[in-house]
$ cat entry_30.txt   # compact mmCIF, C-alpha atoms
# COMPACT_ATOMS: atom_id res chain seq x y z
CA MET L 1 0.00 0.00 0.00
CA ALA L 2 1.34 3.44 -0.96
CA SER L 3 2.63 5.49 1.97
CA VAL L 4 0.70 8.50 0.70
CA PHE L 5 -2.47 6.98 2.17
CA LEU L 6 -0.90 6.57 5.61
CA TYR L 7 0.90 9.89 5.87
CA HIS L 8 -1.83 12.16 4.54
CA VAL L 9 -4.98 13.11 6.39
CA VAL L 10 -8.40 14.28 5.27
CA GLY L 11 -7.56 17.84 6.28
CA ASP L 12 -4.98 17.98 3.48
CA LEU L 13 -7.78 17.70 0.93
CA THR L 14 -9.91 20.45 2.46
CA VAL L 15 -7.49 23.30 1.80
CA GLY L 16 -9.35 25.87 -0.28
CA LYS L 17 -12.66 24.00 -0.13
CA PRO L 18 -15.64 26.36 0.30
CA GLU L 19 -17.95 26.13 3.27
CA MET L 20 -20.89 23.80 2.67
CA VAL L 21 -24.32 25.40 2.48
CA GLU L 22 -27.03 22.92 3.47
CA PHE L 23 -29.77 22.25 0.94
CA TYR L 24 -33.02 21.40 2.72
CA GLU L 25 -35.66 18.89 1.72
CA THR L 26 -38.30 21.62 1.86
CA GLU L 27 -36.69 23.43 -1.09
CA THR L 28 -38.23 23.11 -4.55
CA VAL L 29 -37.08 21.07 -7.54
CA GLU L 30 -36.38 24.37 -9.30
CA SER L 31 -33.91 25.34 -6.56
CA ALA L 32 -32.34 21.87 -6.68
CA ILE L 33 -31.63 22.20 -10.41
CA ARG L 34 -29.70 25.40 -9.79
CA ALA L 35 -27.77 23.86 -6.90
CA ILE L 36 -26.86 20.71 -8.86
CA GLY L 37 -25.31 22.87 -11.58
CA GLU L 38 -22.69 24.00 -9.05
CA SER L 39 -22.13 20.60 -7.42
CA THR L 40 -19.62 17.77 -7.79
CA GLU L 41 -20.54 14.28 -8.97
CA CYS L 42 -23.77 15.73 -10.42
CA GLY L 43 -25.60 15.63 -7.10
CA ILE L 44 -26.26 17.51 -3.87
CA PRO L 45 -26.67 16.31 -0.27
CA VAL L 46 -30.18 16.97 1.05
CA TRP L 47 -30.82 17.77 4.72
CA LYS L 48 -33.66 18.13 7.17
CA ARG L 49 -33.85 21.46 8.93
CA LYS L 50 -32.55 21.83 12.46
CA SER L 51 -35.23 21.58 15.12
CA HIS L 52 -33.52 24.32 17.18
CA LEU L 53 -31.24 26.77 15.43
CA SER L 54 -29.38 27.78 18.57
CA MET L 55 -28.59 24.23 19.64
CA ILE L 56 -25.07 22.86 19.10
CA GLU L 57 -25.31 19.56 17.22
CA THR L 58 -23.33 16.42 17.85
CA SER L 59 -22.11 14.42 14.88
CA GLU L 60 -24.85 11.85 15.54
CA MET L 61 -27.56 14.51 15.49
CA ARG L 62 -26.22 15.94 12.26
CA GLN L 63 -26.04 12.50 10.67
CA GLN L 64 -29.71 11.95 11.51
CA ARG L 65 -30.62 15.13 9.64
CA PHE L 66 -28.99 13.92 6.43
CA VAL L 67 -31.58 12.55 4.00
CA GLY L 68 -29.74 11.47 0.85
CA ILE L 69 -28.11 12.70 -2.36
CA LEU L 70 -30.21 14.09 -5.20
CA ASN L 71 -28.76 13.98 -8.71
CA SER L 72 -29.76 15.30 -12.11
CA LEU L 73 -31.10 11.98 -13.37
CA ASP L 74 -33.41 11.70 -10.36
CA ILE L 75 -34.93 15.05 -11.28
CA VAL L 76 -35.28 14.33 -15.00
CA ALA L 77 -36.94 10.97 -14.21
CA PHE L 78 -39.35 12.71 -11.82
CA LEU L 79 -40.23 15.41 -14.37
CA ALA L 80 -40.79 12.71 -17.01
CA SER L 81 -43.77 11.25 -15.15
CA THR L 82 -47.21 11.78 -16.68
CA GLU L 83 -48.40 14.01 -13.86
CA CYS L 84 -45.40 16.31 -14.13
CA LEU L 85 -45.56 16.58 -17.91
CA GLU L 86 -49.19 17.67 -17.66
CA ASP L 87 -48.30 20.55 -15.34
CA GLN L 88 -44.61 21.39 -15.51
CA ASP L 89 -44.97 24.66 -13.62
CA LYS L 90 -46.37 22.77 -10.66
CA ALA L 91 -43.76 20.03 -11.01
CA ILE L 92 -40.75 22.31 -10.63
CA LYS L 93 -42.32 23.80 -7.51
CA THR L 94 -42.56 20.35 -5.91
CA SER L 95 -40.71 19.81 -2.64
CA VAL L 96 -37.41 17.94 -3.00
CA SER L 97 -38.53 15.56 -0.24
CA GLN L 98 -40.80 13.92 -2.80
CA VAL L 99 -37.94 13.30 -5.23
CA VAL L 100 -34.81 12.42 -3.24
CA VAL L 101 -34.24 8.77 -2.36
CA PRO L 102 -33.49 8.54 1.40
CA ASN L 103 -30.11 6.93 2.09
CA ALA L 104 -28.26 8.17 5.15
CA SER L 105 -25.26 5.89 4.50
CA LEU L 106 -24.03 8.04 1.60
CA LEU L 107 -22.50 10.69 3.88
CA LYS L 108 -20.32 10.46 6.96
CA GLN L 109 -18.79 13.11 9.21
CA VAL L 110 -15.06 12.71 9.86
CA ASP L 111 -12.39 14.66 11.70
CA PRO L 112 -9.78 16.63 9.68
CA ALA L 113 -7.10 14.41 11.25
CA THR L 114 -8.63 11.19 9.92
CA ARG L 115 -6.08 9.29 7.86
CA LEU L 116 -6.66 9.26 4.13
CA ILE L 117 -6.57 5.46 4.08
CA ASP L 118 -9.46 5.36 6.55
CA ALA L 119 -11.45 7.81 4.45
CA LEU L 120 -10.89 5.70 1.34
CA GLU L 121 -12.09 2.60 3.16
CA MET L 122 -15.33 4.41 3.97
CA MET L 123 -15.78 5.42 0.34
CA LYS L 124 -15.12 1.86 -0.81
CA GLN L 125 -17.95 0.77 1.48
CA GLY L 126 -20.44 3.16 -0.17
CA VAL L 127 -19.88 6.59 1.36
CA ARG L 128 -19.96 9.27 -1.35
CA ARG L 129 -19.45 12.42 0.71
CA LEU L 130 -17.28 13.19 3.72
CA LEU L 131 -18.39 16.02 5.97
CA VAL L 132 -15.29 17.68 7.44
CA PRO L 133 -15.39 20.44 10.12
CA LYS L 134 -13.81 23.71 9.09
CA SER L 135 -11.05 24.76 11.46
CA MET L 136 -9.37 28.09 12.06
CA VAL L 137 -6.01 26.53 12.93
CA TRP L 138 -5.77 23.54 10.59
CA LYS L 139 -2.60 24.01 8.55
CA GLY L 140 -3.59 21.60 5.81
CA MET L 141 -0.70 20.66 3.55
CA SER L 142 1.91 21.70 6.11
CA LYS L 143 0.78 18.77 8.28
CA ARG L 144 0.72 16.12 5.61
CA PHE L 145 3.71 14.30 7.15
CA SER L 146 2.84 14.91 10.81
CA PHE L 147 2.65 11.12 11.28
CA LEU L 148 6.30 10.84 10.31
CA TYR L 149 7.67 13.72 12.34
CA ASN L 150 5.74 13.68 15.59
CA GLY L 151 2.93 11.16 15.35
CA LYS L 152 0.58 13.41 17.34
CA TRP L 153 -2.54 12.78 15.32
CA LEU L 154 -2.13 9.04 15.86
CA LYS L 155 -1.17 9.19 19.53
CA ASN L 156 -4.51 7.76 20.66
CA ALA L 157 -4.79 5.10 18.01
CA ASP L 158 -4.85 1.47 18.97
CA ALA L 159 -1.49 -0.13 19.61
CA SER L 160 -2.18 -2.63 16.87
CA ASN L 161 -2.49 0.22 14.40
CA ASN L 162 0.81 1.71 15.50
CA SER L 163 2.66 -1.57 15.22
CA SER L 164 1.30 -2.85 11.94
CA ASN L 165 0.12 -1.30 8.73
CA ASN L 166 -1.52 -4.55 7.70
CA ASN L 167 -4.25 -4.31 10.32
CA LEU L 168 -5.84 -0.92 9.69
CA THR L 169 -8.92 -0.05 11.73
CA ILE L 170 -11.04 2.92 10.78
CA ASN L 171 -11.05 5.35 13.70
CA THR L 172 -13.00 8.49 12.89
CA ASN L 173 -13.05 9.61 16.54
CA ARG L 174 -9.34 10.37 16.60
CA PRO L 175 -8.71 13.76 18.25
CA SER L 176 -8.32 16.59 15.77
CA SER L 177 -5.26 18.75 15.63
CA SER L 178 -7.73 21.60 15.85
CA SER L 179 -9.80 20.36 18.80
CA GLY L 180 -11.15 23.07 21.00
CA THR L 181 -10.97 25.75 18.29
CA SER L 182 -13.09 24.18 15.57
CA ASN L 183 -16.21 26.04 14.47
CA HIS L 184 -18.97 23.49 15.03
CA ASN L 185 -21.29 25.19 12.56
CA LYS L 186 -18.97 25.26 9.55
CA PHE L 187 -18.18 22.26 7.37
CA CYS L 188 -16.87 21.47 3.94
CA CYS L 189 -17.90 18.47 1.88
CA LEU L 190 -15.40 16.15 0.18
CA SER L 191 -16.50 13.99 -2.73
CA ARG L 192 -14.84 11.05 -4.42
CA GLU L 193 -13.99 13.40 -7.27
CA ASP L 194 -11.93 15.46 -4.82
CA VAL L 195 -10.06 12.32 -3.76
CA ILE L 196 -9.32 11.27 -7.35
CA ARG L 197 -8.12 14.79 -8.13
CA PHE L 198 -5.76 14.58 -5.13
CA LEU L 199 -4.46 11.18 -6.25
CA ILE L 200 -3.69 12.51 -9.73
CA GLY L 201 -1.12 14.72 -8.06
CA CYS L 202 0.45 11.72 -6.29
CA LEU L 203 0.88 9.32 -9.20
CA GLY L 204 4.57 8.87 -8.50
CA ALA L 205 3.83 7.60 -5.01
CA LEU L 206 1.38 5.06 -6.48
CA ALA L 207 3.83 3.56 -8.98
CA PRO L 208 3.62 1.21 -10.77
CA LEU L 209 -0.21 1.17 -10.55
CA PRO L 210 -0.92 4.30 -12.64
CA LEU L 211 0.75 2.83 -15.73
CA SER L 212 -0.90 -0.58 -15.36
CA SER L 213 -3.83 -1.36 -17.63
CA ILE L 214 -7.28 -1.45 -16.09
CA SER L 215 -7.74 -5.03 -17.29
CA SER L 216 -4.57 -6.21 -15.54
CA LEU L 217 -5.74 -4.50 -12.34
CA GLY L 218 -9.09 -6.28 -12.56
CA ILE L 219 -11.19 -3.16 -12.00
CA ILE L 220 -13.46 -3.45 -15.05
CA ASN L 221 -17.00 -4.04 -13.78
CA PRO L 222 -18.85 -6.32 -16.23
CA ASN L 223 -22.14 -5.98 -14.32
CA TYR L 224 -23.25 -2.79 -16.02
CA THR L 225 -26.86 -1.81 -16.67
CA SER L 226 -28.02 -1.32 -20.25
CA VAL L 227 -31.12 -0.71 -22.35
CA GLU L 228 -31.53 -1.45 -26.04
CA ALA L 229 -31.72 1.57 -28.32
CA SER L 230 -35.10 0.50 -29.69
CA LEU L 231 -36.78 0.46 -26.27
CA PRO L 232 -38.44 3.53 -24.70
CA ALA L 233 -35.90 5.78 -23.02
CA PHE L 234 -38.00 5.80 -19.85
CA GLU L 235 -37.12 2.12 -19.37
CA ALA L 236 -33.70 3.30 -18.22
CA THR L 237 -35.22 4.88 -15.11
CA ARG L 238 -36.69 1.54 -14.04
CA LYS L 239 -33.30 -0.16 -13.85
CA LEU L 240 -31.01 2.54 -12.51
CA PRO L 241 -28.06 1.19 -10.51
CA GLY L 242 -27.06 2.97 -7.34
CA ASP L 243 -23.44 3.73 -8.21
CA PRO L 244 -22.62 5.03 -10.69
CA SER L 245 -26.04 6.30 -11.75
CA GLU L 246 -25.85 5.41 -15.42
CA VAL L 247 -27.42 3.17 -18.06
CA ALA L 248 -25.70 2.27 -21.32
CA VAL L 249 -27.75 2.54 -24.50
CA VAL L 250 -26.71 -0.38 -26.70
CA GLU L 251 -27.37 -2.03 -30.02
CA PRO L 252 -27.15 -5.85 -30.01
CA ILE L 253 -24.96 -7.42 -32.68
CA PRO L 254 -25.26 -10.95 -34.12
CA ASP L 255 -22.58 -12.59 -31.99
CA GLY L 256 -24.46 -11.82 -28.78
CA GLN L 257 -22.37 -8.81 -27.81
CA CYS L 258 -23.50 -5.20 -27.58
CA LYS L 259 -22.28 -2.01 -29.18
CA ILE L 260 -22.60 1.11 -27.04
CA ILE L 261 -24.04 4.18 -28.79
CA GLY L 262 -24.73 6.42 -25.81
CA GLU L 263 -25.75 6.61 -22.20
CA ILE L 264 -28.47 7.96 -19.95
CA SER L 265 -26.78 9.13 -16.79
CA ALA L 266 -26.60 11.81 -14.13
CA SER L 267 -23.29 13.10 -15.49
CA ARG L 268 -24.74 13.48 -19.02
CA LEU L 269 -27.74 15.40 -17.71
CA TRP L 270 -25.75 17.43 -15.20
CA LYS L 271 -26.22 20.81 -16.91
CA CYS L 272 -29.06 20.44 -19.33
CA ASP L 273 -32.51 21.74 -20.17
CA TYR L 274 -34.34 19.58 -17.62
CA LEU L 275 -37.85 20.08 -19.02
CA ALA L 276 -36.81 19.24 -22.57
CA ALA L 277 -34.89 16.21 -21.31
CA ALA L 278 -37.91 15.04 -19.30
CA TRP L 279 -40.21 15.22 -22.35
CA ALA L 280 -37.67 13.33 -24.45
CA LEU L 281 -37.20 10.68 -21.78
CA ALA L 282 -40.94 10.07 -21.67
CA ASN L 283 -41.63 10.09 -25.41
CA LEU L 284 -38.57 8.94 -27.34
CA SER L 285 -36.73 5.68 -27.70
CA ALA L 286 -33.41 5.34 -25.91
CA GLY L 287 -31.55 5.63 -29.23
CA GLN L 288 -33.41 8.79 -30.22
CA PHE L 289 -32.82 10.26 -26.76
CA VAL L 290 -29.04 9.94 -26.86
CA MET L 291 -28.62 10.86 -30.53
CA GLY L 292 -31.13 13.71 -30.78
CA VAL L 293 -33.94 13.79 -33.29
CA GLU L 294 -31.94 15.92 -35.72
CA ASP L 295 -29.62 12.94 -36.08
CA ASN L 296 -32.41 10.37 -36.46
CA GLU L 297 -34.32 10.19 -39.73
CA ALA L 298 -37.30 8.38 -38.24
CA ALA L 299 -37.79 10.99 -35.56
CA ARG L 300 -37.45 14.24 -37.45
CA SER L 301 -41.20 14.74 -37.51
CA LEU L 302 -40.98 15.30 -33.76
CA LEU L 303 -39.09 18.54 -34.29
CA ASP L 304 -42.31 20.52 -34.43
CA PHE L 305 -43.63 19.65 -31.00
CA ALA L 306 -43.52 22.14 -28.13
CA VAL L 307 -42.05 21.00 -24.85
CA ASN L 308 -43.92 23.56 -22.76
CA SER L 309 -47.35 25.02 -23.01
CA ALA L 310 -47.40 28.67 -23.18
CA VAL L 311 -46.62 31.65 -21.47
CA GLY L 312 -43.89 33.92 -20.36
CA ASP L 313 -40.82 35.24 -21.98
CA GLU L 314 -38.35 35.08 -19.14
CA SER L 315 -35.58 32.55 -19.32
CA THR L 316 -33.19 31.36 -16.65
CA ALA L 317 -30.12 29.17 -16.41
CA ASN L 318 -30.60 25.42 -16.91
CA GLY L 319 -33.95 25.98 -18.62
CA ILE L 320 -36.06 25.88 -15.47
CA GLY L 321 -37.69 29.28 -15.54
CA SER L 322 -38.56 29.66 -19.19
CA THR L 323 -42.04 28.85 -20.42
CA ARG L 324 -41.42 29.82 -24.04
CA LEU L 325 -42.05 27.16 -26.63
CA ARG L 326 -38.91 25.28 -27.54
CA LYS L 327 -37.98 22.33 -29.70
CA PHE L 328 -36.17 19.22 -28.60
CA SER L 329 -32.78 18.23 -29.93
CA SER L 330 -29.74 16.55 -28.48
CA ARG L 331 -28.34 20.03 -27.90
CA SER L 332 -31.32 21.08 -25.79
CA ILE L 333 -30.59 18.36 -23.25
CA GLY L 334 -26.88 18.94 -23.14
CA PHE L 335 -25.52 16.83 -26.00
CA ASN L 336 -23.53 19.09 -28.30
CA PRO L 337 -21.30 17.69 -31.04
CA GLY L 338 -18.95 20.63 -30.58
CA SER L 339 -17.04 21.89 -27.61
CA SER L 340 -18.62 23.37 -24.50
CA ILE L 341 -20.28 26.72 -25.23
CA ARG L 342 -23.08 28.79 -23.78
CA MET L 343 -25.98 29.60 -26.05
CA GLY L 344 -29.25 31.07 -24.89
CA ARG L 345 -30.11 29.97 -21.39
CA SER L 346 -28.60 26.48 -21.26
CA MET L 347 -25.06 25.24 -20.84
CA TYR L 348 -24.31 22.83 -23.66
CA ARG L 349 -21.58 20.41 -22.87
CA GLY L 350 -20.01 17.19 -24.06
CA ARG L 351 -20.98 15.10 -27.08
CA SER L 352 -23.65 12.53 -27.75
CA ALA L 353 -20.95 9.85 -27.91
CA PRO L 354 -20.34 8.16 -24.53
CA LEU L 355 -17.05 8.53 -22.69
CA THR L 356 -15.10 5.34 -23.41
CA CYS L 357 -11.68 3.81 -22.92
CA LYS L 358 -9.98 0.60 -24.07
CA ILE L 359 -9.34 -2.43 -21.90
CA THR L 360 -5.64 -1.68 -22.36
CA SER L 361 -5.97 1.92 -21.14
CA SER L 362 -3.86 2.75 -18.12
CA LEU L 363 -5.33 3.59 -14.74
CA ALA L 364 -3.83 7.09 -14.92
CA ALA L 365 -5.44 7.70 -18.32
CA VAL L 366 -8.87 6.66 -17.06
CA MET L 367 -8.55 8.87 -13.97
CA ALA L 368 -7.59 11.82 -16.17
CA GLN L 369 -10.57 11.15 -18.46
CA MET L 370 -13.01 11.16 -15.58
CA LEU L 371 -11.66 14.39 -14.13
CA SER L 372 -11.43 16.27 -17.42
CA HIS L 373 -15.03 15.38 -18.30
CA ARG L 374 -16.32 15.65 -14.70
CA ALA L 375 -17.72 12.15 -15.18
CA THR L 376 -18.42 9.54 -12.51
CA HIS L 377 -17.56 6.61 -14.79
CA VAL L 378 -15.96 5.54 -18.08
CA TRP L 379 -17.31 2.81 -20.34
CA VAL L 380 -14.80 0.14 -21.35
CA ILE L 381 -14.75 -1.24 -24.90
CA GLU L 382 -12.74 -3.94 -26.64
CA ASP L 383 -9.28 -2.93 -27.75
CA ASP L 384 -9.59 -4.12 -31.35
CA SER L 385 -13.30 -3.73 -32.01
CA ASP L 386 -15.77 -0.99 -32.84
CA ASP L 387 -17.41 0.11 -29.56
CA ILE L 388 -18.08 -3.42 -28.29
CA LEU L 389 -18.98 -2.87 -24.64
CA VAL L 390 -17.06 -4.83 -22.03
CA GLY L 391 -17.89 -3.08 -18.78
CA VAL L 392 -17.59 0.14 -16.82
CA VAL L 393 -15.08 1.72 -14.43
CA GLY L 394 -16.33 4.05 -11.69
CA TYR L 395 -14.93 5.85 -8.68
CA ALA L 396 -15.37 2.85 -6.39
CA ASP L 397 -13.39 0.62 -8.78
CA ILE L 398 -10.48 3.07 -8.86
CA LEU L 399 -10.40 3.45 -5.08
CA ALA L 400 -10.38 -0.34 -4.72
CA ALA L 401 -7.41 -0.57 -7.09
CA VAL L 402 -5.21 2.04 -5.44
CA THR L 403 -5.79 0.71 -1.92
CA LYS L 404 -5.44 -2.97 -2.74
CA GLN L 405 -2.74 -4.76 -0.78
CA PRO L 406 0.04 -5.94 -3.11
CA ALA L 407 0.09 -9.66 -3.75
CA SER L 408 2.89 -11.62 -2.15
CA VAL L 409 5.77 -12.46 -4.47
CA THR L 410 7.39 -15.88 -4.47
CA LEU L 411 10.31 -17.34 -6.40
CA THR L 412 9.58 -20.48 -8.38
CA PRO L 413 12.39 -22.57 -9.97
CA VAL L 414 12.08 -23.16 -13.69
CA ASN L 415 13.56 -26.18 -15.44
CA ARG L 416 16.39 -25.18 -17.75
CA PRO L 417 19.12 -27.09 -19.61
CA GLU L 418 21.84 -28.51 -17.41
CA GLY L 419 24.13 -25.84 -16.06
CA ALA L 420 21.49 -23.13 -16.28
CA PHE L 421 19.10 -22.06 -13.56
CA THR L 422 16.68 -19.18 -13.32
CA THR L 423 13.59 -18.17 -11.41
CA GLU L 424 10.23 -16.71 -12.28
CA PHE L 425 8.07 -14.40 -10.27
CA GLN L 426 4.63 -15.67 -9.39
CA ASN L 427 1.79 -13.80 -7.73

$ encode --input "entry_30.txt" --output "structure tokens"
Amino acid sequence: MASVFLYHVVGDLTVGKPEMVEFYETETVESAIRAIGESTECGIPVWKRKSHLSMIETSEMRQQRFVGILNSLDIVAFLASTECLEDQDKAIKTSVSQVVVPNASLLKQVDPATRLIDALEMMKQGVRRLLVPKSMVWKGMSKRFSFLYNGKWLKNADASNNSSNNNLTINTNRPSSSSGTSNHNKFCCLSREDVIRFLIGCLGALAPLPLSSISSLGIINPNYTSVEASLPAFEATRKLPGDPSEVAVVEPIPDGQCKIIGEISASRLWKCDYLAAAWALANLSAGQFVMGVEDNEAARSLLDFAVNSAVGDESTANGIGSTRLRKFSSRSIGFNPGSSIRMGRSMYRGRSAPLTCKITSSLAAVMAQMLSHRATHVWVIEDDSDDILVGVVGYADILAAVTKQPASVTLTPVNRPEGAFTTEFQN
């Protein structure tokens, strides 16, 4: 295991992170769309309001107020329901509590002095956000090697942890280097994207893993979720996996394999025209949804429909305040064949083609792809074929790879001609 995980602490990753502003379950879907546009991993933590504003909360009390994480695909799927399509103005004023899926295990509060290895173990077990207290005296990067020089932040750890790195126990109650001066009402939120971004800067410490192929590391997940291009796009919402929140849109080929042509995911819909996307999700096939009707001969007649009924000329970011008539295309829901540009009221980003890599791609290359595209996953295709889907790599897969204990190495004699002797390495 790389020493970077043992000698760094969570506080090192919080330097420069803004203070978290809680988003409450009583807020509207319209407000959630705006908040998601500024979020990481295409989602926002949702909270219950405090029962008493003046009361100082314990970590347990704060954990009980956490509801779950709401992402862009959750909202588009909600707006695509029949009731919402009939009255979109009412739909975007709906309380977020009716949309978010409760799951308190997705967030955990930790101390700034928690070791990075312990934080990664939590994320491997399903935690997507770490809530870290903001401190006035935490020195951040200047304390990254405090374990080496004085060991103070581990002074109360179990003796077994001090004597062996092979028996790591998660201890989130370790005293903070900032205890007694921490502001109990101010926190920042760390996502898995933040962790991957930090690891990109430590590739040398992870050698030789970053240059190893994802297939050799065994992190390609073959249990992906998919929907055929000919099926209704709304079918994707009925089979959404928990992590990452994505569904591949595929075309079967004669040999029983599938060719990926697009995806329906939270990261694709992160900054899109939500109302146009909802209409398309409810009325188009999966193939038409990801390609856009201007690219589909059979669907061009749909270009004349209006997504909204009447009224108003005002427009706002993300397409949530405008009630002007507008036409659907892949661009209107965020799929733009060109580079990222702003036109009208919506941010158009990415391309209709899914983000893919080869089975021979290196771990470092995949990490860089995810960060540059702000994606939560990358689809994996065959090395010598045309978009034949093999699996998917997400944040959890990468974290599992970089924290995996190295296999023991043994020397095995190999039979050679008389007078010659050599050995081979075996895992």

$ closest_residue --input "entry_30.txt" --among "L:Ala35, L:Val250, L:Leu355, L:Ala280" --to "Arg374 of chain L" --atoms "all atoms listed in the file"
L:Leu355

$ closest_residue --input "entry_30.txt" --among "L:Lys17, L:Lys124, L:Lys358, L:Arg62" --to "Arg192 of chain L" --atoms "all atoms listed in the file"
L:Lys124

$ atom_distance --input "entry_30.txt" --atom1 "atom CA of Gly37 of chain L" --atom2 "atom CA of Met123 of chain L"
23.2 Å

$ closest_residue --input "entry_30.txt" --among "L:Ser3, L:Thr14, L:Ser39, L:Asn185" --to "Leu130 of chain L" --atoms "only C-alpha atoms"
L:Thr14

$ closest_residue --input "entry_30.txt" --among "L:Gln405, L:Gln98, L:Ser385, L:Ser216" --to "Glu27 of chain L" --atoms "only C-alpha atoms"
L:Gln98

$ atom_distance --input "entry_30.txt" --atom1 "atom CA of Tyr274 of chain L" --atom2 "atom CA of Val76 of chain L"
5.9 Å
